file entry26.txt (compact mmCIF, C-alpha atoms)
# COMPACT_ATOMS: atom_id res chain seq x y z
CA MET A 1 118.46 124.52 129.55
CA PRO A 2 119.93 123.63 132.97
CA VAL A 3 117.43 123.15 135.78
CA TRP A 4 118.96 126.13 137.64
CA ASP A 5 117.62 128.51 134.98
CA ASP A 6 114.20 128.19 136.61
CA LEU A 7 115.52 129.95 139.74
CA VAL A 8 114.90 133.63 139.01
CA GLY A 9 117.36 135.96 140.73
CA GLN A 10 118.82 133.23 142.97
CA GLU A 11 122.38 132.93 141.66
CA LYS A 12 123.92 132.25 145.08
CA VAL A 13 121.44 129.48 145.89
CA SER A 14 121.91 127.96 142.43
CA GLY A 15 125.65 127.80 143.02
CA GLN A 16 125.24 126.12 146.41
CA LEU A 17 122.80 123.55 145.06
CA GLY A 18 124.97 122.88 142.03
CA ALA A 19 127.96 122.17 144.26
CA ALA A 20 125.86 119.85 146.44
CA ALA A 21 124.57 118.01 143.36
CA ARG A 22 128.13 117.43 142.16
CA ASP A 23 129.12 116.07 145.57
CA ALA A 24 126.01 113.87 145.64
CA ASP A 25 127.00 112.48 142.26
CA ALA A 26 130.51 111.77 143.53
CA LEU A 27 129.10 110.19 146.68
CA VAL A 28 126.89 107.73 144.78
CA THR A 29 129.76 106.86 142.45
CA ALA A 30 132.10 106.28 145.40
CA VAL A 31 129.62 103.96 147.13
CA ALA A 32 129.01 101.99 143.92
CA ALA A 33 132.75 101.59 143.36
CA ASP A 34 133.42 100.83 147.04
CA THR A 35 135.97 103.65 147.23
CA PRO A 36 136.52 106.13 150.09
CA LEU A 37 133.90 108.87 150.35
CA PRO A 38 134.82 112.51 149.74
CA GLU A 39 135.93 114.20 152.96
CA SER A 40 134.36 117.65 152.58
CA SER A 41 131.05 116.91 150.87
CA LYS A 42 128.53 119.71 150.49
CA MET A 43 125.75 117.14 150.22
CA THR A 44 123.50 116.28 153.16
CA HIS A 45 120.32 114.27 153.69
CA ALA A 46 117.95 117.11 154.76
CA TRP A 47 117.52 120.63 153.37
CA LEU A 48 115.27 123.50 154.40
CA PHE A 49 114.42 126.10 151.74
CA THR A 50 113.10 129.36 153.19
CA GLY A 51 112.20 132.67 151.64
CA PRO A 52 109.31 135.11 151.19
CA PRO A 53 106.27 134.08 149.16
CA GLY A 54 107.02 134.12 145.44
CA SER A 55 110.77 133.71 145.86
CA GLY A 56 110.71 130.23 144.31
CA ARG A 57 111.25 127.88 147.26
CA ALA A 58 109.44 124.94 145.65
CA THR A 59 111.09 125.65 142.29
CA ALA A 60 114.52 125.48 143.90
CA ALA A 61 113.66 122.20 145.64
CA ARG A 62 112.40 120.65 142.40
CA ALA A 63 115.48 121.81 140.50
CA PHE A 64 117.72 120.22 143.13
CA ALA A 65 115.69 116.99 142.99
CA ALA A 66 116.13 116.95 139.21
CA ALA A 67 119.89 117.49 139.51
CA LEU A 68 120.14 114.60 141.98
CA GLN A 69 118.35 112.31 139.48
CA CYS A 70 120.17 113.60 136.38
CA VAL A 71 121.26 110.78 134.02
CA SER A 72 122.74 112.90 131.23
CA PRO A 73 125.57 111.09 129.40
CA ASP A 74 127.52 114.35 129.54
CA ARG A 75 128.13 113.74 133.24
CA ALA A 76 130.62 111.01 132.34
CA LEU A 77 132.57 113.64 130.38
CA GLY A 78 132.61 116.12 133.24
CA GLY A 79 129.23 117.73 132.62
CA GLU A 80 127.29 119.28 135.48
CA PRO A 81 124.31 117.38 136.95
CA GLY A 82 120.99 119.06 136.20
CA CYS A 83 121.08 119.27 132.40
CA GLY A 84 117.31 119.79 132.19
CA PHE A 85 116.91 117.54 129.13
CA CYS A 86 117.49 113.95 130.24
CA ASP A 87 114.73 111.64 131.42
CA GLY A 88 115.75 112.00 135.08
CA CYS A 89 115.60 115.81 134.98
CA HIS A 90 112.42 115.99 132.92
CA THR A 91 110.37 113.54 134.98
CA SER A 92 111.57 115.10 138.26
CA LEU A 93 110.53 118.58 137.17
CA ILE A 94 107.05 117.54 136.02
CA GLY A 95 106.47 115.29 139.04
CA THR A 96 106.40 111.83 137.43
CA HIS A 97 109.77 110.42 138.52
CA ALA A 98 109.35 107.15 140.43
CA ASP A 99 111.83 108.24 143.12
CA VAL A 100 110.76 111.87 143.57
CA GLU A 101 107.72 112.40 145.79
CA ILE A 102 106.40 115.98 145.60
CA VAL A 103 104.01 116.79 148.45
CA ARG A 104 101.86 119.91 148.52
CA THR A 105 98.54 120.47 150.22
CA ASP A 106 95.48 122.45 149.29
CA LEU A 107 94.16 121.98 152.84
CA LEU A 108 94.83 124.02 155.97
CA SER A 109 97.35 121.55 157.42
CA ILE A 110 99.27 118.31 156.90
CA GLY A 111 98.31 115.70 159.48
CA VAL A 112 99.93 112.73 161.16
CA LYS A 113 98.47 110.10 158.81
CA GLU A 114 99.85 111.75 155.65
CA THR A 115 103.23 112.27 157.30
CA ARG A 116 103.49 108.63 158.37
CA ASP A 117 102.84 107.59 154.76
CA LEU A 118 105.71 109.86 153.70
CA VAL A 119 108.05 108.42 156.32
CA ARG A 120 107.29 104.89 155.11
CA ARG A 121 108.02 105.99 151.55
CA ALA A 122 111.32 107.53 152.65
CA GLN A 123 112.55 104.18 153.98
CA LEU A 124 112.45 102.61 150.51
CA SER A 125 115.52 102.29 148.33
CA PRO A 126 115.46 104.15 145.01
CA ALA A 127 113.60 102.16 142.36
CA VAL A 128 115.15 103.61 139.20
CA GLY A 129 117.01 106.76 140.25
CA ARG A 130 120.10 107.54 142.26
CA TRP A 131 118.26 108.94 145.31
CA GLN A 132 114.87 108.71 147.00
CA VAL A 133 113.83 112.39 147.17
CA ILE A 134 110.91 113.74 149.22
CA VAL A 135 109.95 117.34 148.41
CA LEU A 136 107.61 118.78 151.07
CA GLU A 137 106.48 122.12 149.65
CA ASP A 138 104.33 123.13 152.64
CA ALA A 139 106.44 122.14 155.64
CA ASP A 140 105.01 125.13 157.52
CA ARG A 141 101.58 123.45 157.44
CA LEU A 142 102.67 120.38 159.39
CA THR A 143 100.72 119.98 162.60
CA GLU A 144 102.76 119.56 165.77
CA GLY A 145 102.06 115.82 165.78
CA ALA A 146 103.02 115.50 162.13
CA GLY A 147 106.25 117.41 162.80
CA ASN A 148 107.17 114.97 165.56
CA VAL A 149 106.54 112.06 163.19
CA LEU A 150 108.77 113.66 160.56
CA LEU A 151 111.53 114.38 163.08
CA LYS A 152 112.50 110.73 163.49
CA ALA A 153 112.83 110.26 159.72
CA VAL A 154 114.96 113.38 159.33
CA GLU A 155 117.07 112.45 162.34
CA GLU A 156 117.80 108.90 161.15
CA PRO A 157 117.37 108.90 157.37
CA ALA A 158 117.75 105.95 155.04
CA PRO A 159 121.16 105.93 153.28
CA ARG A 160 119.90 107.13 149.89
CA THR A 161 117.00 109.36 150.98
CA VAL A 162 117.00 113.16 150.76
CA TRP A 163 114.38 115.41 152.40
CA LEU A 164 113.73 118.82 150.81
CA LEU A 165 111.48 120.97 153.03
CA CYS A 166 110.06 124.36 152.03
CA ALA A 167 108.70 127.05 154.38
CA PRO A 168 108.43 130.85 154.46
CA SER A 169 110.84 131.18 157.40
CA LEU A 170 112.83 129.12 159.89
CA GLU A 171 110.31 129.98 162.61
CA ASP A 172 107.57 128.16 160.66
CA VAL A 173 109.30 124.81 161.23
CA LEU A 174 109.81 122.97 164.52
CA PRO A 175 113.22 123.84 166.05
CA THR A 176 114.07 120.15 166.33
CA ILE A 177 113.55 119.68 162.58
CA ARG A 178 115.31 122.81 161.37
CA SER A 179 118.34 122.03 163.54
CA ARG A 180 118.83 118.83 161.51
CA CYS A 181 118.55 120.49 158.09
CA ARG A 182 120.91 122.55 156.00
CA HIS A 183 119.35 125.97 155.46
CA LEU A 184 119.07 127.80 152.15
CA THR A 185 117.51 131.27 152.17
CA LEU A 186 116.02 132.64 148.97
CA ARG A 187 115.35 136.33 148.39
CA THR A 188 112.61 138.13 146.53
CA PRO A 189 113.74 138.44 142.89
CA SER A 190 114.04 141.89 141.38
CA VAL A 191 111.15 143.30 139.37
CA ASP A 192 113.33 143.37 136.24
CA ALA A 193 114.31 139.70 136.64
CA VAL A 194 110.66 138.63 136.97
CA ALA A 195 109.61 140.71 133.98
CA ASP A 196 112.40 139.22 131.89
CA MET A 197 111.30 135.70 132.92
CA LEU A 198 107.70 136.39 131.89
CA VAL A 199 108.83 137.59 128.47
CA ARG A 200 111.28 134.73 127.83
CA ARG A 201 109.29 131.77 129.17
CA ASP A 202 105.66 132.80 128.92
CA GLY A 203 105.75 134.96 125.81
CA ILE A 204 104.18 137.95 127.60
CA GLU A 205 104.47 141.35 125.95
CA PRO A 206 107.30 143.35 127.60
CA ALA A 207 105.01 146.15 128.77
CA ALA A 208 102.47 143.76 130.31
CA ALA A 209 105.26 141.72 131.90
CA ALA A 210 106.84 144.81 133.44
CA ALA A 211 103.47 146.00 134.78
CA ALA A 212 102.69 142.59 136.34
CA ALA A 213 106.14 142.27 137.90
CA ARG A 214 105.95 145.81 139.30
CA ALA A 215 102.43 145.31 140.67
CA THR A 216 103.40 142.12 142.51
CA GLN A 217 106.82 143.41 143.64
CA GLY A 218 108.74 140.38 142.41
CA HIS A 219 106.30 137.59 143.36
CA ILE A 220 106.80 135.16 140.47
CA GLY A 221 103.56 133.18 140.74
CA ARG A 222 101.33 136.21 141.23
CA ALA A 223 103.06 138.08 138.41
CA ARG A 224 102.43 135.20 136.01
CA ALA A 225 98.78 134.98 137.07
CA LEU A 226 98.29 138.73 136.72
CA ALA A 227 99.86 138.76 133.25
CA THR A 228 97.84 135.81 131.94
CA ASP A 229 94.49 135.84 133.78
CA GLN A 230 91.93 138.56 133.07
CA ARG A 231 89.88 137.63 136.16
CA ALA A 232 92.94 138.16 138.37
CA ARG A 233 93.40 141.64 136.91
CA GLU A 234 89.75 142.48 137.50
CA ARG A 235 89.88 141.30 141.13
CA ARG A 236 92.98 143.35 141.76
CA ALA A 237 91.46 146.46 140.15
CA ALA A 238 88.48 146.19 142.51
CA VAL A 239 90.76 145.94 145.56
CA LEU A 240 92.75 149.01 144.51
CA LYS A 241 89.56 151.11 144.63
CA LEU A 242 88.76 150.11 148.22
CA PRO A 243 90.54 153.06 149.96
CA LEU A 244 88.07 155.46 148.32
CA ARG A 245 85.08 153.44 149.51
CA VAL A 246 85.72 153.54 153.25
CA GLU A 247 84.96 157.21 153.80
CA GLU A 248 81.71 156.37 155.64
CA ILE A 249 80.56 153.41 157.74
CA GLY A 250 78.13 152.04 155.17
CA GLY A 251 80.89 151.96 152.58
CA CYS A 252 83.15 150.13 155.04
CA LEU A 253 80.61 147.37 155.60
CA ARG A 254 79.78 147.03 151.91
CA ALA A 255 83.45 146.87 150.95
CA ALA A 256 84.08 144.18 153.57
CA GLN A 257 81.15 142.10 152.36
CA GLU A 258 82.30 142.37 148.75
CA LEU A 259 85.81 141.20 149.65
CA ILE A 260 84.35 138.16 151.39
CA ASP A 261 81.92 137.45 148.55
CA THR A 262 84.68 137.67 145.94
CA ALA A 263 86.88 135.23 147.89
CA ALA A 264 83.93 132.87 148.36
CA GLU A 265 83.09 132.99 144.65
CA GLU A 266 86.67 132.16 143.71
CA ALA A 267 86.67 129.22 146.14
CA LYS A 268 83.40 128.04 144.64
CA GLN A 269 84.83 128.16 141.12
CA VAL A 270 87.85 126.13 142.16
CA ALA A 271 85.59 123.61 143.91
CA GLU A 272 83.39 123.23 140.84
CA ASP A 273 86.45 122.44 138.75
CA VAL A 274 87.80 119.78 141.11
CA ASP A 275 85.14 118.42 143.48
CA VAL A 276 82.79 116.86 140.91
CA LYS A 277 85.58 114.89 139.24
CA GLU A 278 86.96 113.75 142.60
CA THR A 279 83.53 112.59 143.75
CA GLU A 280 82.79 110.71 140.52
CA ASP A 281 86.23 109.06 140.54
CA LEU A 282 85.75 107.86 144.12
CA LYS A 283 82.27 106.53 143.38
CA ALA A 284 83.62 104.59 140.43
CA ALA A 285 86.50 103.23 142.52
CA LEU A 286 84.06 102.12 145.24
CA GLY A 287 81.86 100.33 142.70
CA ALA A 288 78.82 102.59 142.62
CA ALA A 289 75.90 101.16 140.67
CA GLN A 290 74.76 102.66 137.37
CA GLY A 291 72.01 104.67 139.05
CA GLY A 292 74.45 106.13 141.55
CA ARG A 293 73.60 103.87 144.50
CA MET A 294 76.63 103.31 146.71
CA PRO A 295 77.62 99.87 148.05
CA ARG A 296 77.30 99.26 151.77
CA GLY A 297 80.20 100.30 153.95
CA THR A 298 81.36 103.13 151.68
CA ALA A 299 79.65 106.02 153.47
CA GLY A 300 82.77 106.68 155.56
CA ALA A 301 84.98 107.10 152.49
CA MET A 302 82.50 109.53 150.93
CA LYS A 303 82.29 111.50 154.21
CA ASP A 304 86.10 111.75 154.35
CA LEU A 305 86.18 113.13 150.81
CA GLU A 306 83.46 115.69 151.63
CA ASP A 307 85.41 116.84 154.70
CA LYS A 308 88.59 117.18 152.63
CA GLN A 309 86.75 119.21 149.99
CA LYS A 310 85.29 121.47 152.65
CA ARG A 311 88.73 122.13 154.18
CA ARG A 312 90.17 122.82 150.75
CA LYS A 313 87.40 125.31 150.01
CA THR A 314 88.13 127.09 153.30
CA ARG A 315 91.81 127.37 152.48
CA THR A 316 91.12 128.60 148.94
CA GLN A 317 88.84 131.31 150.31
CA ARG A 318 91.42 132.37 152.88
CA ASP A 319 94.21 132.45 150.29
CA SER A 320 92.10 134.58 147.94
CA LEU A 321 91.24 136.98 150.74
CA ASP A 322 94.87 137.15 151.88
CA LEU A 323 95.95 138.00 148.35
CA ALA A 324 93.48 140.91 148.31
CA LEU A 325 94.89 142.16 151.62
CA ILE A 326 98.43 142.00 150.23
CA ASP A 327 97.37 144.14 147.27
CA LEU A 328 95.70 146.58 149.67
CA THR A 329 98.87 146.79 151.74
CA GLY A 330 100.74 147.68 148.54
CA VAL A 331 98.41 150.65 148.00
CA TYR A 332 99.19 152.15 151.42
CA ARG A 333 102.86 151.34 150.98
CA ASP A 334 102.84 153.52 147.86
CA VAL A 335 100.95 156.25 149.75
CA LEU A 336 103.60 156.19 152.48
CA ALA A 337 106.38 156.38 149.89
CA LEU A 338 104.80 159.52 148.42
CA GLN A 339 104.28 161.10 151.83
CA LEU A 340 107.92 160.54 152.82
CA GLY A 341 109.33 161.58 149.46
CA SER A 342 110.92 158.18 148.95
CA ARG A 343 112.56 157.26 145.66
CA VAL A 344 111.18 153.73 145.86
CA PRO A 345 109.30 152.95 142.60
CA LEU A 346 105.52 152.81 143.02
CA ALA A 347 103.88 149.41 142.56
CA ASN A 348 100.43 150.69 141.62
CA THR A 349 101.11 153.33 139.00
CA GLU A 350 97.74 152.69 137.33
CA VAL A 351 96.02 154.43 140.28
CA GLN A 352 98.62 157.12 140.86
CA ASP A 353 96.00 159.90 140.99
CA MET A 354 94.28 158.13 143.89
CA LEU A 355 97.62 157.54 145.64
CA GLU A 356 98.52 161.22 145.43
CA ARG A 357 95.07 162.22 146.72
CA LEU A 358 95.43 159.88 149.72
CA ALA A 359 98.98 161.10 150.36
CA ARG A 360 97.84 164.74 150.45
CA GLY A 361 94.81 164.05 152.63
CA THR A 362 96.47 162.09 155.45
CA SER A 363 99.67 161.95 157.45
CA PRO A 364 102.36 159.23 157.39
CA GLU A 365 101.25 158.24 160.90
CA CYS A 366 97.71 157.55 159.63
CA THR A 367 99.07 155.51 156.75
CA LEU A 368 101.18 153.39 159.09
CA ARG A 369 98.15 152.74 161.29
CA ARG A 370 96.21 151.61 158.22
CA ILE A 371 98.99 149.23 157.21
CA GLU A 372 98.98 147.86 160.77
CA ALA A 373 95.19 147.37 160.57
CA ILE A 374 95.60 145.24 157.44
CA GLY A 375 98.32 143.20 159.16
CA ALA A 376 96.07 142.70 162.18
CA CYS A 377 93.31 141.45 159.88
CA ARG A 378 95.64 138.90 158.27
CA THR A 379 96.70 137.71 161.74
CA ALA A 380 93.08 137.40 162.84
CA LEU A 381 92.20 135.33 159.76
CA ASP A 382 95.18 133.07 160.44
CA ARG A 383 93.77 132.51 163.94
CA ASN A 384 90.37 131.44 162.61
CA VAL A 385 88.48 134.63 163.43
CA ALA A 386 85.24 134.82 161.41
CA PRO A 387 86.35 136.36 158.08
CA LEU A 388 83.54 138.92 157.82
CA LEU A 389 84.14 140.22 161.36
CA ALA A 390 87.88 140.52 160.77
CA VAL A 391 87.51 142.34 157.45
CA GLU A 392 84.79 144.68 158.79
CA ALA A 393 87.04 145.61 161.71
CA MET A 394 89.83 146.33 159.21
CA THR A 395 87.75 148.54 156.91
CA VAL A 396 86.44 150.56 159.89
CA ALA A 397 90.06 151.00 161.05
CA LEU A 398 91.03 152.14 157.54
CA ARG A 399 88.33 154.81 157.73
CA ALA A 400 89.51 155.99 161.16
CA GLY A 401 93.14 156.18 160.05
call {"tool": "encode", "arguments": {"input": "entry26.txt", "output": "structure tokens"}}
result
Amino acid sequence: MPVWDDLVGQEKVSGQLGAAARDADALVTAVAADTPLPESSKMTHAWLFTGPPGSGRATAARAFAAALQCVSPDRALGGEPGCGFCDGCHTSLIGTHADVEIVRTDLLSIGVKETRDLVRRAQLSPAVGRWQVIVLEDADRLTEGAGNVLLKAVEEPAPRTVWLLCAPSLEDVLPTIRSRCRHLTLRTPSVDAVADMLVRRDGIEPAAAAAAARATQGHIGRARALATDQRARERRAAVLKLPLRVEEIGGCLRAAQELIDTAAEEAKQVAEDVDVKETEDLKAALGAAQGGRMPRGTAGAMKDLEDKQKRRKTRTQRDSLDLALIDLTGVYRDVLALQLGSRVPLANTEVQDMLERLARGTSPECTLRRIEAIGACRTALDRNVAPLLAVEAMTVALRAG
């Protein structure tokens, strides 16, 4: 199965990346044979993948990295790079290729220190592959200082280094960086394409796959989670009931507190799965005694790990809360569609009775104000407003309409 099959509903992008991979293959062959380089190559040293959440930005970047490292013998017979079966493709896709560095963060930002380490890595020649590939999945989380560090590397790259940056939009990346990258814009895949992918690759029942794809409006990762994780379905069901709970002030405050508590509980569960192992591994690496006593001079390393875990917990809580707000926005989007008589398919058909009740009881203007209140809450959370205050302000605004 070619690596491009992982890009759901992105035929145009797959074609562009396939052409660039062919030119990259020709370029490496030309350099090795000391022959003139192709004149109109579609390959370049820096790429910027943008698109809405769930469109598959990181998947596209990984597929391209695999195609660049493809070592299939069929290539010598005219086969396309990116077979999906050879060692180069397989190790690139699962993240174990020696010359493919995949960088993602579970923290709030990527700092200068981490970026400098990446830049040093990018100066190395490929060890076993054809290119040194750096995939930065969260380029939008670079701090300003980190972006300036990265700029120099993107501006003057090593001969066989390729940077693949991923971000939701061009505006999320420093202008000086995006001006030196080739842009690829991905779109949200259709609901039918996502449902078909869940059936073919994850073995989900067609009805459950269609329901998950419809509920998430084409977001691949969320659709997979909703189709396979019972806890995710339960959390979403609780969020869908929120519009009926904000009819009086007490209900507003209780609903806000429950949203915060649910996000905090999810962050705690993630921390329990990861933090203990990380802490024990670091203690062992630092030479902790049998009884757990740490050697002198290691307190700083333990404090750094605790700070990292705290930042990761904060981001996990924010991401969980943001996901709930996205689901809530979908409810009022359906209400607005009913009020305006739109033919757009409803995303939340399982609560259609509630949607019709809300549509009859309010005006489109009220619904729009409620959608704006949810957007204002997401903006406030992004600006580090205390989560409980931001969510309480939103639920009171939902009640006011």
call {"tool": "atom_distance", "arguments": {"input": "entry26.txt", "atom1": "CA of Arg383 in chain A", "atom2": "CA of Gln317 in chain A"}}
result
14.5 Å
call {"tool": "residues_near_point", "arguments": {"input": "entry26.txt", "point": "(105.2, 138.7, 136.7)", "cutoff": "12 Å", "atoms": "only C-alpha atoms", "output": "VMD selection string"}}
result
chain A and resid 8 54 to 55 189 to 229
call {"tool": "closest_residue", "arguments": {"input": "entry26.txt", "among": "A:Gln339, A:Thr298, A:Gln10, A:Thr50", "to": "Arg360 in chain A", "atoms": "all atoms listed in the file"}}
result
A:Gln339
call {"tool": "closest_residue", "arguments": {"input": "entry26.txt", "among": "A:Val128, A:Val112, A:Leu118, A:Ala46", "to": "Cys181 in chain A", "atoms": "all atoms listed in the file"}}
result
A:Ala46
call {"tool": "residues_near_point", "arguments": {"input": "entry26.txt", "point": "(113.0, 123.5, 153.8)", "cutoff": "8 Å", "atoms": "all atoms listed in the file", "output": "JSON, numbers by chain"}}
result
{"A": [47, 48, 49, 50, 136, 137, 139, 164, 165, 166, 167, 178, 181, 183, 184]}
call {"tool": "closest_residue", "arguments": {"input": "entry26.txt", "among": "A:Val276, A:Ala19, A:Leu68, A:Leu77", "to": "Thr161 in chain A", "atoms": "only C-alpha atoms"}}
result
A:Leu68
call {"tool": "atom_distance", "arguments": {"input": "entry26.txt", "atom1": "CA of Pro52 in chain A", "atom2": "CA of Arg187 in chain A"}}
result
6.8 Å
call {"tool": "build_atoms", "arguments": {"input": "entry26.txt", "residues": "range 380-389 of chain A", "atoms": "all heavy atoms", "output": "CSV table (one decimal), keeping the file's coordinate frame"}}
result
chain,number,residue,atom,x,y,z
A,380,ALA,N,94.4,137.9,162.3
A,380,ALA,CA,93.1,137.4,162.8
A,380,ALA,C,92.5,136.3,162.0
A,380,ALA,O,92.0,135.3,162.5
A,380,ALA,CB,92.1,138.5,162.9
A,381,LEU,N,92.7,136.4,160.7
A,381,LEU,CA,92.2,135.3,159.8
A,381,LEU,C,93.0,134.1,160.0
A,381,LEU,O,92.5,133.0,159.9
A,381,LEU,CB,92.3,135.8,158.3
A,381,LEU,CG,91.3,136.9,157.9
A,381,LEU,CD1,91.7,137.4,156.5
A,381,LEU,CD2,89.9,136.4,157.9
A,382,ASP,N,94.3,134.2,160.2
A,382,ASP,CA,95.2,133.1,160.4
A,382,ASP,C,94.8,132.4,161.7
A,382,ASP,O,95.1,131.2,161.9
A,382,ASP,CB,96.6,133.5,160.5
A,382,ASP,CG,97.6,132.4,160.4
A,382,ASP,OD1,97.4,131.5,159.5
A,382,ASP,OD2,98.5,132.3,161.2
A,383,ARG,N,94.2,133.1,162.7
A,383,ARG,CA,93.8,132.5,163.9
A,383,ARG,C,92.3,132.1,164.0
A,383,ARG,O,91.7,131.9,165.0
A,383,ARG,CB,94.1,133.5,165.1
A,383,ARG,CG,95.5,133.8,165.3
A,383,ARG,CD,95.8,134.8,166.3
A,383,ARG,NE,97.2,135.1,166.5
A,383,ARG,CZ,97.8,136.0,167.3
A,383,ARG,NH1,96.9,136.9,167.9
A,383,ARG,NH2,99.1,136.1,167.4
A,384,ASN,N,91.7,132.0,162.8
A,384,ASN,CA,90.4,131.4,162.6
A,384,ASN,C,89.3,132.4,163.1
A,384,ASN,O,88.2,131.9,163.5
A,384,ASN,CB,90.2,130.1,163.3
A,384,ASN,CG,91.0,129.0,162.6
A,384,ASN,OD1,91.1,129.0,161.4
A,384,ASN,ND2,91.7,128.1,163.3
A,385,VAL,N,89.5,133.7,163.2
A,385,VAL,CA,88.5,134.6,163.4
A,385,VAL,C,87.5,134.6,162.2
A,385,VAL,O,87.9,134.4,161.1
A,385,VAL,CB,89.1,136.0,163.6
A,385,VAL,CG1,87.9,137.1,163.8
A,385,VAL,CG2,89.9,136.1,164.9
A,386,ALA,N,86.2,134.8,162.5
A,386,ALA,CA,85.2,134.8,161.4
A,386,ALA,C,85.7,135.9,160.4
A,386,ALA,O,85.9,137.0,160.7
A,386,ALA,CB,83.9,135.2,162.0
A,387,PRO,N,85.8,135.4,159.1
A,387,PRO,CA,86.4,136.4,158.1
A,387,PRO,C,85.6,137.7,158.0
A,387,PRO,O,86.3,138.7,157.9
A,387,PRO,CB,86.2,135.5,156.8
A,387,PRO,CG,86.3,134.1,157.2
A,387,PRO,CD,85.6,134.1,158.6
A,388,LEU,N,84.3,137.7,158.0
A,388,LEU,CA,83.5,138.9,157.8
A,388,LEU,C,83.8,139.9,159.0
A,388,LEU,O,84.0,141.1,158.8
A,388,LEU,CB,82.0,138.6,157.7
A,388,LEU,CG,81.2,139.9,157.4
A,388,LEU,CD1,81.6,140.6,156.2
A,388,LEU,CD2,79.7,139.5,157.3
A,389,LEU,N,83.9,139.4,160.2
A,389,LEU,CA,84.1,140.2,161.4
A,389,LEU,C,85.5,140.8,161.3
A,389,LEU,O,85.7,142.0,161.5
A,389,LEU,CB,84.0,139.4,162.7
A,389,LEU,CG,82.6,138.9,163.0
A,389,LEU,CD1,82.7,138.1,164.3
A,389,LEU,CD2,81.7,140.1,163.2
